[in-house]
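Asker: Structure in structure tokens, see below.
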Amino acid sequence: MACVGVFVAYLPVTTVSVSLPAIQRALNASTSELSWVSSAFVLPVAALILTAGVFGDVHGRKKVFQAGLAFCALGAAVSLSAQSIQTLWVGQALSGMGSAALLPMTLALISHAVPDPRERGKFIGLWATSLMAALAVGPLIAGVILEQFAWRWIFLLTIPVALLVMGLAVPLLDDSRAPGSRRLDWPGQITAAIAITALVYGVIEGGASSFTDTPVMVALTVGVAGLVAFVLVERHSESPMLDLSLFRSPAFTATTVVILISFLGLIGFFFVLSLYFGMVQHLSTLDAGLRMLMVTLVPVVLGGVFGRLSRRVSARVLITGGLLVTAGTLLALTTIDADTSFGSLAWRLALLGLGLGTAFTSITATAVASVPHRLAGMAAAGNNAFRQVGGALGPAVLGTLLTTRAVDALPGHLADTGIGGPASGRIVSAVDTGGFGAVARMDLGPARGRALEALAEAFVDGLHLCLVVSAVLMLLAAALSAILLRRPRRTSVPVAIGTKPDSTPAAAQEAVGR
């Protein structure tokens with residue numbers, strides 16, 4: 001039940017990512033509006049995941065699990081009926097709220113149902129495999145659907161699956177809670193939500209227009225003020241949503257920064273890569289999904305190998321080494337162009353999946369291993385929350401870099417194809433205001449083919465910048481990992497949200513501390 005729940009929670013991540021070109025064409029969306037399709041899902045997850053865990057502890061995990069499924073089904077239904085980009089944002093936000101409830105509850109339900117620590121390790125492994133499987137099969141599901149139907153039908157599968165699991169949960173799941181252990185931290189929840197939303201809004205809209213525009217400056221100011229307020233609130237709260245004493249541990253701080261940066265690059269990379277396949281290489285959604293599968297399939301296939309490595313190799317080596325492989329692969333991808341073949345791309349995408357899988361194996365276990373027992377559950381939840389913050393910022397940051405670089409490079413590429421003067425100005429203005437899909441809708445006569453060719457070259461310039469920035473971020477994360485993960489404090493901690501101090505799977509205990 002928990003495995004199906006986490007599958008439902010993560011399925012929208014890659015099904016939507018690979019469908020973005022089709023969504024952009026159908027709804028005439030700009031690049032910034034397209035960024036919000038991804039961010040509208042991830043923002044609620046980042047803002048609500050910690051509170052959802054506390055809510056389950058107080059009011060019952062089964063109830064929150066069922067509520068999460070209900071929100072996922074409702075969000076999918078809204079997205080399925082969307083006739084505008086704004087309605088799609090609403091549907092994605094509702095699905096994100098459901099995923100925020102499902103992620104901590106699925107782990108907590110496993111912890112309650114399987115008391116034995118070693119036996120529980122097997123089920124948590126299945127949980128992680130289900131998560132990666134959702135990321136892996138999402139592009140294929142979207143591709144098969146879009147071969148025959150409109151883009152909105154990618155949301156249909158979630159509805160019956162979520163409703164079926166909700167019904168089965170009534171007789172099959174036992175409720176559990178931890179009464180009196182924690183209380184809801186509404187001031188922390190409100191300030192965190194304001195800070196995250198304002199910062200992502202500022203980055204997306206600043207890239208679409210200008211960072212000196214008044215609404216953008218106000219949003220960024222509110223975001224910074226919200227972060228300051230969140231820190232002040234949490235420092236004085238009797239039951240904080242995120243205990244700031246966690247950051248006294250260098251290992252927890254390192255893994256938190258690493259996971260934020262990694263998911264910023266990973267989700268942002270999926271966003272940019274899906275546009276590259278659709279708008280530059282003009283691939284069908286199924287063909288694009290097969291290529292993106294190279295990244296997500298490797299961690300699924302090699303999950304058992306990564307698990308065995310984590311028991312024999314230190315977390316510092318695994319995380320740092322994985323990040324270095326990831327950074328090197330991102331730099332290797334900077335040689336691709338509009339005509340790069342599948343074979344030339346496949347080995348690099350597979351190597352990227354290998355690096356990410358190696359790095360992510362021990363991050364959560366390392367985070368919870370570095371804090372006192374009483375804070376281990378919160379450490380796992382906090383690590384997950386920062387992962388989602390990175391996922392929310394990824395499309396915003398890389399989408400902004402992509403558009404800015406491409407617009408700057410476009411006049412030169414247009415001139416190379418013989419397009420200049422007013423025609424060049426109109427094309428650049430259309431891309432700047434309406435996104436990359438705007439050129440295909442323009443009446444350019446015989447120059448249309450040359451304009452699209454120039455746009456593809458400008459897009460590739462933007463893609464190369466995104467890859468370099470992502471590689472630099474991965475190198476920074478690797479450096480932090482190497483420096484701060486030298487001396488893990490202990491090895492006996494829980495890895496799942498809501499687990500007791502003595503209930504850590506043996507594999508997770510052994511993954512750190514060498």
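Each chain in the structure tokens gets a letter, A, B and so on, in the order shown; residues start at 1 in every chain, and ligands are counted from 1 in the order they appear.
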Could you pull out the residues in region 100-189 of chain A that DSSP calls alpha helix (DSSP H) from the backbone, as a PyMOL selection string?

Answerer: chain A and resi 100-113+117-148+158-172+186-189

Asker: Return as a tab-separated table the residues of region 390-413 of chain A lying at most 12 Å from region 3-27 of chain A, together with the closest atom-to-atom pair for each and the distance in Å to one decimal, counting only C-alpha atoms, with rows in chain order and ascending residue number.

Answerer:
```
residue	atom	partner	partner_atom	distance
A:Gly391	CA	A:Val13	CA	9.8
A:Ala392	CA	A:Val13	CA	11.1
A:Pro395	CA	A:Ser17	CA	10.0
```

Asker: To one decimal place in Å, what is the distance between CA of Leu309 (chain A) and CA of Thr296 (chain A)?

Answerer: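 CA of Thr296 (chain A) lies 19.0 Å from CA of Leu309 (chain A).
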
Asker: Quick one: residues within 10 Å of region 409-423 of chain A, only C-alpha atoms, excluding same-chain residues fewer than 6 positions away - as an MDAnalysis selection string?

Answerer: chainID A and resid 403 429 431 444 447 449:462

Asker: Pick from A:Thr400, A:Ser470, A:Ser210, A:Thr358: nearest to Ser32 (chain A), with only C-alpha atoms counted?

Answerer: A:Thr400

Asker: I want to know what sits within 12 Å of Val218 (chain A), based on only C-alpha atoms, with residues of the same chain fewer than 3 positions away left out; could you give that as an MDAnalysis selection string?

Answerer: chainID A and resid 195 198:199 201:203 205:206 211:215 221:226

Asker: With only C-alpha atoms as the basis for distance, which of A:Ala76, A:Ala133, A:Val397, A:Leu173 is at the shortest distance from Ile261 (chain A)?

Answerer: A:Val397

Asker: Measuring between only C-alpha atoms, which one of A:Leu220, A:Leu463, A:Leu74, A:Leu88 shows the shortest distance to Ile159 (chain A)?

Answerer: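 Closest to Ile159 (chain A) of all the choices is A:Leu74.
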